[in-house]
file data.csv (CSV, C-alpha atoms)
chain,number,residue,atom,x,y,z
X,249,MET,CA,-35.4,3.8,-19.8
X,250,GLU,CA,-34.6,0.3,-21.2
X,251,CYS,CA,-33.1,-2.5,-19.2
X,252,VAL,CA,-29.8,-2.4,-21.0
X,253,GLU,CA,-29.3,1.3,-20.1
X,254,ALA,CA,-30.6,0.8,-16.5
X,255,SER,CA,-28.3,-2.1,-16.0
X,256,GLY,CA,-25.3,0.1,-16.8
X,257,HIS,CA,-26.3,2.5,-14.0
X,258,LEU,CA,-26.9,-0.1,-11.3
X,259,PRO,CA,-23.4,-0.5,-9.9
X,260,GLY,CA,-23.4,3.2,-9.2
X,261,TYR,CA,-27.0,3.4,-8.1
X,262,LEU,CA,-26.0,1.0,-5.4
X,263,ASP,CA,-24.0,3.8,-3.7
X,264,GLY,CA,-27.0,6.1,-3.8
X,265,ALA,CA,-25.3,8.1,-6.5
X,266,GLY,CA,-27.6,10.9,-7.7
X,267,GLY,CA,-26.9,12.1,-11.2
X,268,PRO,CA,-29.3,12.9,-14.0
X,269,ALA,CA,-30.2,9.3,-14.6
X,270,ALA,CA,-31.0,8.4,-11.0
X,271,LEU,CA,-34.7,9.3,-11.3
X,272,ASP,CA,-35.1,7.4,-14.5
X,273,VAL,CA,-33.4,4.3,-13.0
X,274,ALA,CA,-35.7,4.5,-10.0
X,275,ALA,CA,-38.7,4.7,-12.2
X,276,HIS,CA,-37.5,1.7,-14.3
X,277,LEU,CA,-36.8,-0.3,-11.1
X,278,ARG,CA,-40.4,0.2,-9.9
X,279,THR,CA,-41.7,-1.6,-13.0
X,280,CYS,CA,-38.9,-4.2,-13.7
X,281,ASP,CA,-38.5,-7.3,-11.7
X,282,ARG,CA,-35.4,-8.3,-13.6
X,283,CYS,CA,-33.4,-5.1,-12.9
X,284,ARG,CA,-34.6,-5.1,-9.2
X,285,ALA,CA,-33.2,-8.7,-8.9
X,286,GLU,CA,-29.9,-7.5,-10.6
X,287,LEU,CA,-29.7,-4.6,-8.1
X,288,ASP,CA,-30.3,-7.1,-5.3
X,289,GLY,CA,-27.4,-9.2,-6.7
X,290,TYR,CA,-25.1,-6.2,-6.6
X,291,ARG,CA,-26.2,-5.3,-3.1
X,292,GLN,CA,-25.5,-8.9,-1.9
X,293,MET,CA,-22.2,-8.9,-3.6
X,294,ARG,CA,-21.2,-5.6,-1.9
X,295,GLU,CA,-22.2,-6.9,1.5
X,296,ALA,CA,-20.2,-10.1,0.9
X,297,LEU,CA,-17.2,-8.0,-0.3
X,298,ALA,CA,-17.3,-5.9,2.9
X,299,SER,CA,-17.4,-9.1,5.0
X,300,LEU,CA,-14.1,-10.2,3.4
X,301,ALA,CA,-12.2,-7.5,5.4
X,302,THR,CA,-12.9,-9.5,8.6
X,303,THR,CA,-12.4,-12.9,7.0
X,304,PRO,CA,-8.9,-14.0,8.2
X,305,ILE,CA,-6.3,-15.2,5.9
X,306,GLU,CA,-3.4,-16.9,7.7
X,307,PRO,CA,0.0,-15.6,6.4
X,308,PRO,CA,2.9,-18.0,6.0
X,309,ALA,CA,4.5,-18.7,9.4
X,310,TRP,CA,7.9,-17.2,8.5
X,311,LEU,CA,6.4,-13.8,7.7
X,312,LEU,CA,5.9,-12.5,11.3
X,313,PRO,CA,9.5,-13.2,12.6
X,314,ALA,CA,11.1,-12.1,9.3
X,315,THR,CA,9.2,-8.8,9.3
X,316,ILE,CA,10.0,-8.1,13.0
X,317,ASP,CA,13.7,-8.8,12.3
X,318,ALA,CA,13.8,-6.6,9.3
X,319,VAL,CA,12.0,-3.7,11.0
X,320,THR,CA,14.0,-3.9,14.3
X,321,ALA,CA,17.3,-4.1,12.3
X,322,ARG,CA,16.3,-0.9,10.5
X,323,LEU,CA,15.2,0.7,13.8
X,324,GLY,CA,18.5,-0.2,15.4
X,325,ALA,CA,20.5,1.4,12.5
X,326,ARG,CA,18.3,4.5,12.5
X,327,GLY,CA,18.7,4.8,16.3
X,328,ARG,CA,22.5,4.7,16.0
X,329,LEU,CA,22.4,7.3,13.3
X,330,GLU,CA,20.2,9.6,15.4
X,331,GLN,CA,22.5,9.1,18.4
X,332,LEU,CA,25.4,10.2,16.3
X,333,ARG,CA,23.5,13.2,14.9
X,334,HIS,CA,22.9,14.3,18.5
X,335,ARG,CA,26.4,13.6,19.7
X,336,VAL,CA,28.3,15.6,17.1
X,337,PRO,CA,26.5,18.9,17.8
X,338,ALA,CA,26.7,18.2,21.5
X,339,ALA,CA,30.5,17.7,21.3
X,340,ALA,CA,30.9,20.9,19.2
X,341,GLY,CA,28.9,22.8,21.8
X,342,GLN,CA,31.1,21.6,24.6
X,343,VAL,CA,34.2,22.7,22.7
X,344,ARG,CA,32.7,26.2,22.1
X,345,GLU,CA,31.7,26.5,25.8
X,346,ARG,CA,35.3,25.6,27.0
X,347,LEU,CA,36.9,28.0,24.6
X,348,ALA,CA,34.7,30.8,26.0
X,349,ASP,CA,37.0,30.7,29.2
X,350,PRO,CA,40.0,33.1,28.3
X,351,ARG,CA,42.5,30.9,30.2
X,352,ILE,CA,41.5,27.8,28.2
X,353,ALA,CA,41.4,29.8,25.0
X,354,ALA,CA,44.9,31.2,25.7
X,355,GLY,CA,46.2,27.7,26.5
X,356,ALA,CA,44.6,26.3,23.3
X,357,ALA,CA,46.1,29.1,21.2
X,358,ALA,CA,49.5,28.4,22.8
X,359,VAL,CA,49.2,24.7,22.0
X,360,VAL,CA,48.3,25.4,18.4
X,361,LEU,CA,51.2,27.9,18.0
X,362,ALA,CA,53.6,25.5,19.5
X,363,GLY,CA,52.4,22.8,17.1
X,364,VAL,CA,52.8,25.1,14.1
X,365,ALA,CA,56.3,26.1,15.2
X,366,ALA,CA,57.4,22.5,15.8
X,367,GLY,CA,56.1,21.6,12.4
X,368,ALA,CA,58.0,24.4,10.7
X,369,VAL,CA,61.3,23.4,12.5
X,370,PHE,CA,60.8,19.8,11.5
X,371,ALA,CA,60.1,20.7,7.9
X,372,ARG,CA,63.2,22.9,7.8
X,373,GLY,CA,65.3,20.1,9.2
X,374,ARG,CA,64.0,17.7,6.6
X,375,ARG,CA,64.8,20.1,3.8
X,376,ARG,CA,68.4,20.5,5.1
X,377,ARG,CA,68.9,16.7,5.5
X,378,ARG,CA,67.7,16.2,1.8
X,379,LEU,CA,70.2,18.9,0.7
X,380,VAL,CA,73.1,17.3,2.5
X,381,ARG,CA,72.2,13.8,1.1
X,382,ALA,CA,72.1,15.3,-2.5
X,383,ARG,CA,75.5,17.0,-2.1
X,384,LEU,CA,77.0,13.8,-0.8
X,385,ARG,CA,75.6,11.8,-3.7
X,386,ALA,CA,77.1,14.5,-6.2
X,387,ALA,CA,80.5,14.4,-4.4
X,388,THR,CA,80.8,10.5,-4.5
X,389,ALA,CA,79.7,10.5,-8.2
X,390,SER,CA,82.4,13.0,-9.3
X,391,ALA,CA,85.0,11.1,-7.2
C,122,MET,CA,-7.8,-4.7,13.5
C,123,ASP,CA,-7.6,-3.1,16.9
C,124,VAL,CA,-4.4,-1.3,17.9
C,125,PRO,CA,-4.3,0.5,21.3
C,126,THR,CA,-3.4,4.2,21.1
C,127,GLU,CA,-0.4,3.8,23.4
C,128,VAL,CA,1.1,1.2,21.1
C,129,ILE,CA,0.8,3.6,18.1
C,130,GLU,CA,2.2,6.5,20.1
C,131,SER,CA,5.2,4.4,21.4
C,132,ALA,CA,5.8,3.3,17.8
C,133,GLN,CA,5.8,6.9,16.7
C,134,GLN,CA,8.6,7.5,19.2
C,135,GLY,CA,10.6,4.7,17.5
C,136,ARG,CA,10.4,2.1,20.3
C,137,PRO,CA,11.3,-1.3,18.9
C,138,GLU,CA,9.0,-3.2,21.3
C,139,ALA,CA,6.0,-1.0,20.2
C,140,PHE,CA,6.7,-1.7,16.6
C,141,GLU,CA,6.9,-5.4,17.3
C,142,GLU,CA,3.6,-5.3,19.0
C,143,LEU,CA,2.1,-3.3,16.2
C,144,ILE,CA,3.3,-5.9,13.6
C,145,ARG,CA,1.9,-8.7,15.7
C,146,LEU,CA,-1.5,-7.1,15.9
C,147,THR,CA,-1.8,-6.1,12.3
C,148,HIS,CA,0.2,-8.5,10.1
C,149,ARG,CA,-2.7,-10.8,9.3
C,150,ASP,CA,-4.9,-8.0,8.0
C,151,VAL,CA,-2.0,-6.4,6.2
C,152,TYR,CA,-1.1,-9.7,4.5
C,153,ALA,CA,-4.8,-10.4,3.7
C,154,LEU,CA,-5.2,-7.0,2.0
C,155,ALA,CA,-1.8,-7.5,0.1
C,156,LEU,CA,-2.9,-10.9,-1.1
C,157,ARG,CA,-6.3,-9.6,-2.3
C,158,MET,CA,-4.6,-6.8,-4.1
C,159,THR,CA,-1.8,-8.8,-5.7
C,160,GLY,CA,-3.5,-12.2,-6.0
C,161,ASN,CA,-0.2,-13.9,-5.3
C,162,PRO,CA,1.2,-15.2,-1.9
C,163,ASP,CA,4.8,-14.4,-2.7
C,164,ASP,CA,4.1,-10.8,-3.8
C,165,ALA,CA,1.7,-10.4,-0.8
C,166,ALA,CA,4.5,-11.4,1.7
C,167,GLU,CA,6.9,-9.0,0.0
C,168,VAL,CA,4.2,-6.2,0.1
C,169,ALA,CA,3.5,-6.9,3.8
C,170,GLN,CA,7.2,-6.6,4.7
C,171,GLU,CA,7.7,-3.5,2.6
C,172,THR,CA,4.6,-1.9,4.3
C,173,TYR,CA,6.2,-2.1,7.7
C,174,ILE,CA,9.5,-0.8,6.4
C,175,ARG,CA,7.6,2.2,5.0
C,176,LEU,CA,5.7,2.5,8.2
C,177,LEU,CA,8.9,3.1,10.2
C,178,ARG,CA,9.0,6.6,8.7
C,179,ALA,CA,5.4,7.2,7.8
C,180,ILE,CA,3.9,6.4,11.2
C,181,ARG,CA,5.0,9.9,12.5
C,182,SER,CA,2.6,11.4,10.0
C,183,PHE,CA,-0.4,9.6,11.5
C,184,ARG,CA,-2.3,12.3,13.3
C,185,GLY,CA,-5.4,10.2,14.3
C,186,GLU,CA,-7.6,12.1,11.8
C,187,SER,CA,-8.8,8.7,10.5
C,188,LYS,CA,-8.9,5.3,12.1
C,189,PHE,CA,-5.5,3.7,12.3
C,190,SER,CA,-6.8,0.6,10.4
C,191,THR,CA,-8.0,2.8,7.5
C,192,TRP,CA,-4.6,4.6,7.4
C,193,LEU,CA,-2.7,1.4,7.5
C,194,TYR,CA,-4.9,-0.1,4.7
C,195,ARG,CA,-4.0,2.9,2.6
C,196,VAL,CA,-0.3,2.5,3.2
C,197,THR,CA,-0.6,-1.2,2.4
C,198,SER,CA,-2.6,-0.5,-0.8
C,199,SER,CA,0.0,2.1,-1.9
C,200,VAL,CA,2.8,-0.5,-1.5
C,201,ALA,CA,0.7,-3.1,-3.3
C,202,ILE,CA,0.0,-0.8,-6.2
C,203,THR,CA,3.7,-0.1,-6.5
C,204,SER,CA,4.3,-3.8,-6.6
C,205,LEU,CA,1.5,-4.3,-9.2
C,206,ARG,CA,3.1,-1.5,-11.4
C,207,LYS,CA,6.5,-3.2,-11.2
C,208,ARG,CA,5.0,-6.5,-12.2
C,209,ALA,CA,3.1,-4.9,-15.1
C,210,ARG,CA,6.3,-3.3,-16.3
C,211,ARG,CA,8.2,-6.6,-15.9
C,212,ARG,CA,5.6,-8.5,-17.9
C,213,GLY,CA,5.1,-5.8,-20.5
C,214,GLU,CA,1.4,-5.4,-19.5
C,215,VAL,CA,-0.8,-2.3,-19.7
C,216,PRO,CA,0.0,0.1,-16.8
C,217,LEU,CA,-2.6,0.1,-14.1
C,218,GLU,CA,-3.8,3.7,-14.6
C,219,GLN,CA,-4.3,3.0,-18.3
C,220,GLU,CA,-6.3,-0.2,-18.0
C,221,ASP,CA,-9.6,0.0,-19.7
C,222,TRP,CA,-12.7,-2.1,-19.9
C,223,GLN,CA,-11.5,-3.9,-23.1
C,224,ASP,CA,-12.7,-7.3,-22.0
C,225,TRP,CA,-16.1,-6.4,-20.8
C,226,HIS,CA,-19.1,-8.1,-22.2
C,227,ALA,CA,-22.7,-7.6,-21.2
C,228,SER,CA,-23.9,-9.3,-18.1
C,229,PRO,CA,-25.8,-12.6,-18.5
C,230,SER,CA,-29.5,-12.3,-18.3
C,231,GLY,CA,-31.3,-13.0,-15.0
C,232,ASP,CA,-29.5,-12.7,-11.7
C,233,PRO,CA,-27.8,-15.9,-10.5
C,234,VAL,CA,-25.7,-13.8,-8.1
C,235,ALA,CA,-28.8,-12.8,-6.2
C,236,GLU,CA,-29.7,-16.5,-5.8
C,237,LEU,CA,-26.4,-17.5,-4.1
C,238,ASP,CA,-26.6,-17.6,-0.3
C,239,ARG,CA,-24.1,-15.6,1.7
C,240,ARG,CA,-21.8,-18.4,2.4
C,241,GLN,CA,-21.6,-19.5,-1.3
C,242,LEU,CA,-21.1,-15.9,-2.3
C,243,ALA,CA,-18.3,-15.3,0.2
C,244,GLU,CA,-16.6,-18.6,-0.9
C,245,ARG,CA,-16.6,-17.6,-4.6
C,246,LEU,CA,-15.7,-14.0,-4.1
C,247,ASP,CA,-12.0,-14.5,-3.4
C,248,SER,CA,-11.5,-16.6,-6.5
C,249,ALA,CA,-13.6,-14.2,-8.6
C,250,LEU,CA,-11.5,-11.3,-7.3
C,251,ALA,CA,-8.3,-13.1,-8.2
C,252,SER,CA,-9.6,-13.4,-11.8
C,253,LEU,CA,-10.2,-9.7,-12.2
C,254,ARG,CA,-7.6,-7.6,-14.0
C,255,PRO,CA,-5.2,-6.0,-11.4
C,256,GLY,CA,-6.4,-2.4,-11.9
C,257,TYR,CA,-10.1,-3.5,-11.3
C,258,ARG,CA,-9.2,-5.8,-8.5
C,259,ALA,CA,-7.3,-3.0,-6.7
C,260,VAL,CA,-10.3,-0.6,-7.0
C,261,VAL,CA,-12.9,-3.2,-5.7
C,262,VAL,CA,-10.6,-4.4,-2.9
C,263,MET,CA,-9.7,-0.8,-1.7
C,264,ARG,CA,-13.3,0.6,-1.9
C,265,ASP,CA,-15.7,-2.3,-1.4
C,266,VAL,CA,-13.7,-4.6,0.9
C,267,TYR,CA,-11.6,-2.1,2.9
C,268,GLY,CA,-13.8,0.9,2.7
C,269,LEU,CA,-11.3,3.5,1.5
C,270,SER,CA,-12.7,6.6,0.0
C,271,LEU,CA,-12.9,7.1,-3.8
C,272,GLU,CA,-10.6,10.1,-3.4
C,273,ASP,CA,-8.0,7.9,-1.7
C,274,VAL,CA,-8.5,5.1,-4.3
C,275,GLY,CA,-8.0,7.6,-7.2
C,276,SER,CA,-5.0,9.2,-5.5
C,277,GLU,CA,-3.3,5.8,-5.0
C,278,LEU,CA,-3.9,4.7,-8.6
C,279,GLY,CA,-2.9,8.1,-10.0
C,280,ILE,CA,-6.3,8.7,-11.6
C,281,SER,CA,-9.1,11.2,-10.8
C,282,GLU,CA,-11.9,10.5,-8.3
C,283,GLY,CA,-14.3,10.4,-11.2
C,284,ALA,CA,-12.2,7.9,-13.1
C,285,ALA,CA,-11.9,5.8,-10.0
C,286,LYS,CA,-15.7,5.8,-9.7
C,287,VAL,CA,-16.2,4.7,-13.3
C,288,ARG,CA,-13.6,2.0,-12.9
C,289,LEU,CA,-15.3,0.8,-9.7
C,290,HIS,CA,-18.6,0.5,-11.4
C,291,ARG,CA,-17.1,-1.4,-14.3
C,292,ALA,CA,-15.2,-3.6,-12.0
C,293,ARG,CA,-18.4,-4.4,-10.0
C,294,GLN,CA,-20.1,-5.4,-13.3
C,295,LYS,CA,-17.2,-7.6,-14.3
C,296,LEU,CA,-17.1,-9.2,-10.8
C,297,ARG,CA,-20.8,-9.9,-10.9
C,298,GLN,CA,-20.4,-11.4,-14.4
C,299,LEU,CA,-17.6,-13.7,-13.1
C,300,LEU,CA,-19.7,-14.8,-10.1
C,301,ALA,CA,-22.7,-15.4,-12.4
C,302,GLU,CA,-20.6,-17.5,-14.7
C,303,GLU,CA,-19.7,-19.7,-11.7
C,304,ALA,CA,-23.3,-19.8,-10.4
C,305,PRO,CA,-25.3,-22.9,-10.7
C,306,VAL,CA,-27.1,-23.3,-14.1
C,307,ALA,CA,-30.3,-24.0,-12.2
C,308,GLY,CA,-30.2,-20.4,-11.0
C,309,GLU,CA,-30.5,-19.2,-14.6
C,310,ALA,CA,-32.7,-21.9,-16.1
C,311,GLY,CA,-36.0,-20.5,-15.1
C,312,ARG,CA,-35.2,-17.0,-16.0
C,313,PRO,CA,-36.5,-15.4,-19.1
C,314,GLY,CA,-33.9,-15.2,-21.9
C,315,ALA,CA,-31.4,-17.5,-20.1
C,316,GLU,CA,-31.3,-19.8,-23.1
C,317,GLU,CA,-30.5,-16.9,-25.5
C,318,GLY,CA,-27.4,-16.3,-23.4
C,319,GLY,CA,-27.5,-12.5,-23.7
C,320,VAL,CA,-29.1,-9.4,-22.4
C,321,SER,CA,-31.7,-9.4,-25.2
C,322,GLY,CA,-33.9,-12.1,-23.7
C,323,GLY,CA,-36.5,-10.8,-21.3
C,324,VAL,CA,-35.2,-7.3,-21.6
C,325,ARG,CA,-37.5,-4.4,-22.3
call {"tool": "encode", "arguments": {"input": "data.csv", "output": "structure tokens"}}
result
Amino acid sequence: MECVEASGHLPGYLDGAGGPAALDVAAHLRTCDRCRAELDGYRQMREALASLATTPIEPPAWLLPATIDAVTARLGARGRLEQLRHRVPAAAGQVRERLADPRIAAGAAAVVLAGVAAGAVFARGRRRRRLVRARLRAATASA
Amino acid sequence: MDVPTEVIESAQQGRPEAFEELIRLTHRDVYALALRMTGNPDDAAEVAQETYIRLLRAIRSFRGESKFSTWLYRVTSSVAITSLRKRARRRGEVPLEQEDWQDWHASPSGDPVAELDRRQLAERLDSALASLRPGYRAVVVMRDVYGLSLEDVGSELGISEGAAKVRLHRARQKLRQLLAEEAPVAGEAGRPGAEEGGVSGGVR
């Protein structure tokens, strides 16, 4: 294997990657100082890259409070929504439970019927009043 | 990054004070990763904020199968990649998943990188990383800096694990080339073929 070809395999060889070329690369490295130095360069670079993860970078001072504000605002909105989601089924459940009592159910039915009847009477009265007003207008117009 | 389990569990239950503590404990690391991925402080701050917004919902899916730091790095990387994609679209650049090694040249002969001491190398790495193309930078940062698996790297970038591996190797070559270009000339002077300025000199 030539240096040019071996060099192309070195970034992967670093990870201990096998593959068909690994044995040839290893054989080449045994006899080539230059490629061994290049592999060493890659190794050092990788170690230095890994050390970056623990190298602190100070974020701008506004970032922490702004992020906390944004997140807690969203949490608050989500919390209210979830409370509402729990409250609606709970209220519906309470209504169902109360209607299970025959006396309350009869009372509720009576209230509904009374409401319907009152509505019907009111609507009938309104129709009559409209009719009377229309007749009056016709009478005054002909006079 | 060290986040106590009880803080994570309380945050999973949606407790605001736990989230606040979580942000305090992790925001430096999240920002650092975002900055290394995007190479831009404004984009990094935006990515950091967006990461925590995404975390509000995503944290319930954390089952402790991996370290919390690894999991959070993955979420941050994902948000950073979305940001890089948007930036590429805005600027009419090549999409990340289609980036290819168009600008690669053979490494200079000799190995000036091996001659840098650790401190010099660490100092130069951040600026060399910032000079990499976004798709290559993302791969190196996710894999070599933060230790994410190649499977995760490929998945975040929308490419196969094999393609992520090839891209990682090419990105390492390019990064080494960038570091070598910055390395002191004295490091190359005594090496065979350095004057020829290519791989031919001293190469068998």
call {"tool": "closest_residue", "arguments": {"input": "data.csv", "among": "C:Arg178, C:Arg184, C:Arg157, C:Arg211", "to": "Arg254 (chain C)", "atoms": "all atoms listed in the file"}}
result
C:Arg157
call {"tool": "atom_distance", "arguments": {"input": "data.csv", "atom1": "CA of Gln342 (chain X)", "atom2": "CA of Val364 (chain X)"}}
result
24.4 Å
call {"tool": "interface_residues", "arguments": {"input": "data.csv", "of": "chain X", "to": "chain C", "cutoff": "10 Å", "atoms": "only C-alpha atoms", "output": "PyMOL selection string"}}
result
chain X and resi 249-252+255-263+280-308+310-324+326-327
call {"tool": "write_last_selection", "arguments": {"input": "data.csv", "atoms": "C-alpha atoms", "output": "PDB file, in the coordinates of the input"}}
result
ATOM      1  CA  MET X 249     -35.400   3.800 -19.800  1.00  0.00           C
ATOM      2  CA  GLU X 250     -34.600   0.300 -21.200  1.00  0.00           C
ATOM      3  CA  CYS X 251     -33.100  -2.500 -19.200  1.00  0.00           C
ATOM      4  CA  VAL X 252     -29.800  -2.400 -21.000  1.00  0.00           C
ATOM      5  CA  SER X 255     -28.300  -2.100 -16.000  1.00  0.00           C
ATOM      6  CA  GLY X 256     -25.300   0.100 -16.800  1.00  0.00           C
ATOM      7  CA  HIS X 257     -26.300   2.500 -14.000  1.00  0.00           C
ATOM      8  CA  LEU X 258     -26.900  -0.100 -11.300  1.00  0.00           C
ATOM      9  CA  PRO X 259     -23.400  -0.500  -9.900  1.00  0.00           C
ATOM     10  CA  GLY X 260     -23.400   3.200  -9.200  1.00  0.00           C
ATOM     11  CA  TYR X 261     -27.000   3.400  -8.100  1.00  0.00           C
ATOM     12  CA  LEU X 262     -26.000   1.000  -5.400  1.00  0.00           C
ATOM     13  CA  ASP X 263     -24.000   3.800  -3.700  1.00  0.00           C
ATOM     14  CA  CYS X 280     -38.900  -4.200 -13.700  1.00  0.00           C
ATOM     15  CA  ASP X 281     -38.500  -7.300 -11.700  1.00  0.00           C
ATOM     16  CA  ARG X 282     -35.400  -8.300 -13.600  1.00  0.00           C
ATOM     17  CA  CYS X 283     -33.400  -5.100 -12.900  1.00  0.00           C
ATOM     18  CA  ARG X 284     -34.600  -5.100  -9.200  1.00  0.00           C
ATOM     19  CA  ALA X 285     -33.200  -8.700  -8.900  1.00  0.00           C
ATOM     20  CA  GLU X 286     -29.900  -7.500 -10.600  1.00  0.00           C
ATOM     21  CA  LEU X 287     -29.700  -4.600  -8.100  1.00  0.00           C
ATOM     22  CA  ASP X 288     -30.300  -7.100  -5.300  1.00  0.00           C
ATOM     23  CA  GLY X 289     -27.400  -9.200  -6.700  1.00  0.00           C
ATOM     24  CA  TYR X 290     -25.100  -6.200  -6.600  1.00  0.00           C
ATOM     25  CA  ARG X 291     -26.200  -5.300  -3.100  1.00  0.00           C
ATOM     26  CA  GLN X 292     -25.500  -8.900  -1.900  1.00  0.00           C
ATOM     27  CA  MET X 293     -22.200  -8.900  -3.600  1.00  0.00           C
ATOM     28  CA  ARG X 294     -21.200  -5.600  -1.900  1.00  0.00           C
ATOM     29  CA  GLU X 295     -22.200  -6.900   1.500  1.00  0.00           C
ATOM     30  CA  ALA X 296     -20.200 -10.100   0.900  1.00  0.00           C
ATOM     31  CA  LEU X 297     -17.200  -8.000  -0.300  1.00  0.00           C
ATOM     32  CA  ALA X 298     -17.300  -5.900   2.900  1.00  0.00           C
ATOM     33  CA  SER X 299     -17.400  -9.100   5.000  1.00  0.00           C
ATOM     34  CA  LEU X 300     -14.100 -10.200   3.400  1.00  0.00           C
ATOM     35  CA  ALA X 301     -12.200  -7.500   5.400  1.00  0.00           C
ATOM     36  CA  THR X 302     -12.900  -9.500   8.600  1.00  0.00           C
ATOM     37  CA  THR X 303     -12.400 -12.900   7.000  1.00  0.00           C
ATOM     38  CA  PRO X 304      -8.900 -14.000   8.200  1.00  0.00           C
ATOM     39  CA  ILE X 305      -6.300 -15.200   5.900  1.00  0.00           C
ATOM     40  CA  GLU X 306      -3.400 -16.900   7.700  1.00  0.00           C
ATOM     41  CA  PRO X 307       0.000 -15.600   6.400  1.00  0.00           C
ATOM     42  CA  PRO X 308       2.900 -18.000   6.000  1.00  0.00           C
ATOM     43  CA  TRP X 310       7.900 -17.200   8.500  1.00  0.00           C
ATOM     44  CA  LEU X 311       6.400 -13.800   7.700  1.00  0.00           C
ATOM     45  CA  LEU X 312       5.900 -12.500  11.300  1.00  0.00           C
ATOM     46  CA  PRO X 313       9.500 -13.200  12.600  1.00  0.00           C
ATOM     47  CA  ALA X 314      11.100 -12.100   9.300  1.00  0.00           C
ATOM     48  CA  THR X 315       9.200  -8.800   9.300  1.00  0.00           C
ATOM     49  CA  ILE X 316      10.000  -8.100  13.000  1.00  0.00           C
ATOM     50  CA  ASP X 317      13.700  -8.800  12.300  1.00  0.00           C
ATOM     51  CA  ALA X 318      13.800  -6.600   9.300  1.00  0.00           C
ATOM     52  CA  VAL X 319      12.000  -3.700  11.000  1.00  0.00           C
ATOM     53  CA  THR X 320      14.000  -3.900  14.300  1.00  0.00           C
ATOM     54  CA  ALA X 321      17.300  -4.100  12.300  1.00  0.00           C
ATOM     55  CA  ARG X 322      16.300  -0.900  10.500  1.00  0.00           C
ATOM     56  CA  LEU X 323      15.200   0.700  13.800  1.00  0.00           C
ATOM     57  CA  GLY X 324      18.500  -0.200  15.400  1.00  0.00           C
ATOM     58  CA  ARG X 326      18.300   4.500  12.500  1.00  0.00           C
ATOM     59  CA  GLY X 327      18.700   4.800  16.300  1.00  0.00           C
TER      60      GLY X 327
END
call {"tool": "atom_distance", "arguments": {"input": "data.csv", "atom1": "CA of Val124 (chain C)", "atom2": "CA of Ser190 (chain C)"}}
result
8.1 Å
call {"tool": "closest_residue", "arguments": {"input": "data.csv", "among": "X:Val380, X:Val360, X:Ala254, X:Val343", "to": "Leu277 (chain X)", "atoms": "all atoms listed in the file"}}
result
X:Ala254
call {"tool": "axis_aligned_box", "arguments": {"input": "data.csv", "around": "region 260-265 of chain C", "padding_each_side": "4 Å", "output": "lines of an AutoDock Vina configuration file"}}
result
center_x = -12.7
center_y = -1.9
center_z = -4.2
size_x = 14.0
size_y = 13.0
size_z = 13.6
call {"tool": "atom_distance", "arguments": {"input": "data.csv", "atom1": "CA of Val369 (chain X)", "atom2": "CA of Ala356 (chain X)"}}
result
20.1 Å
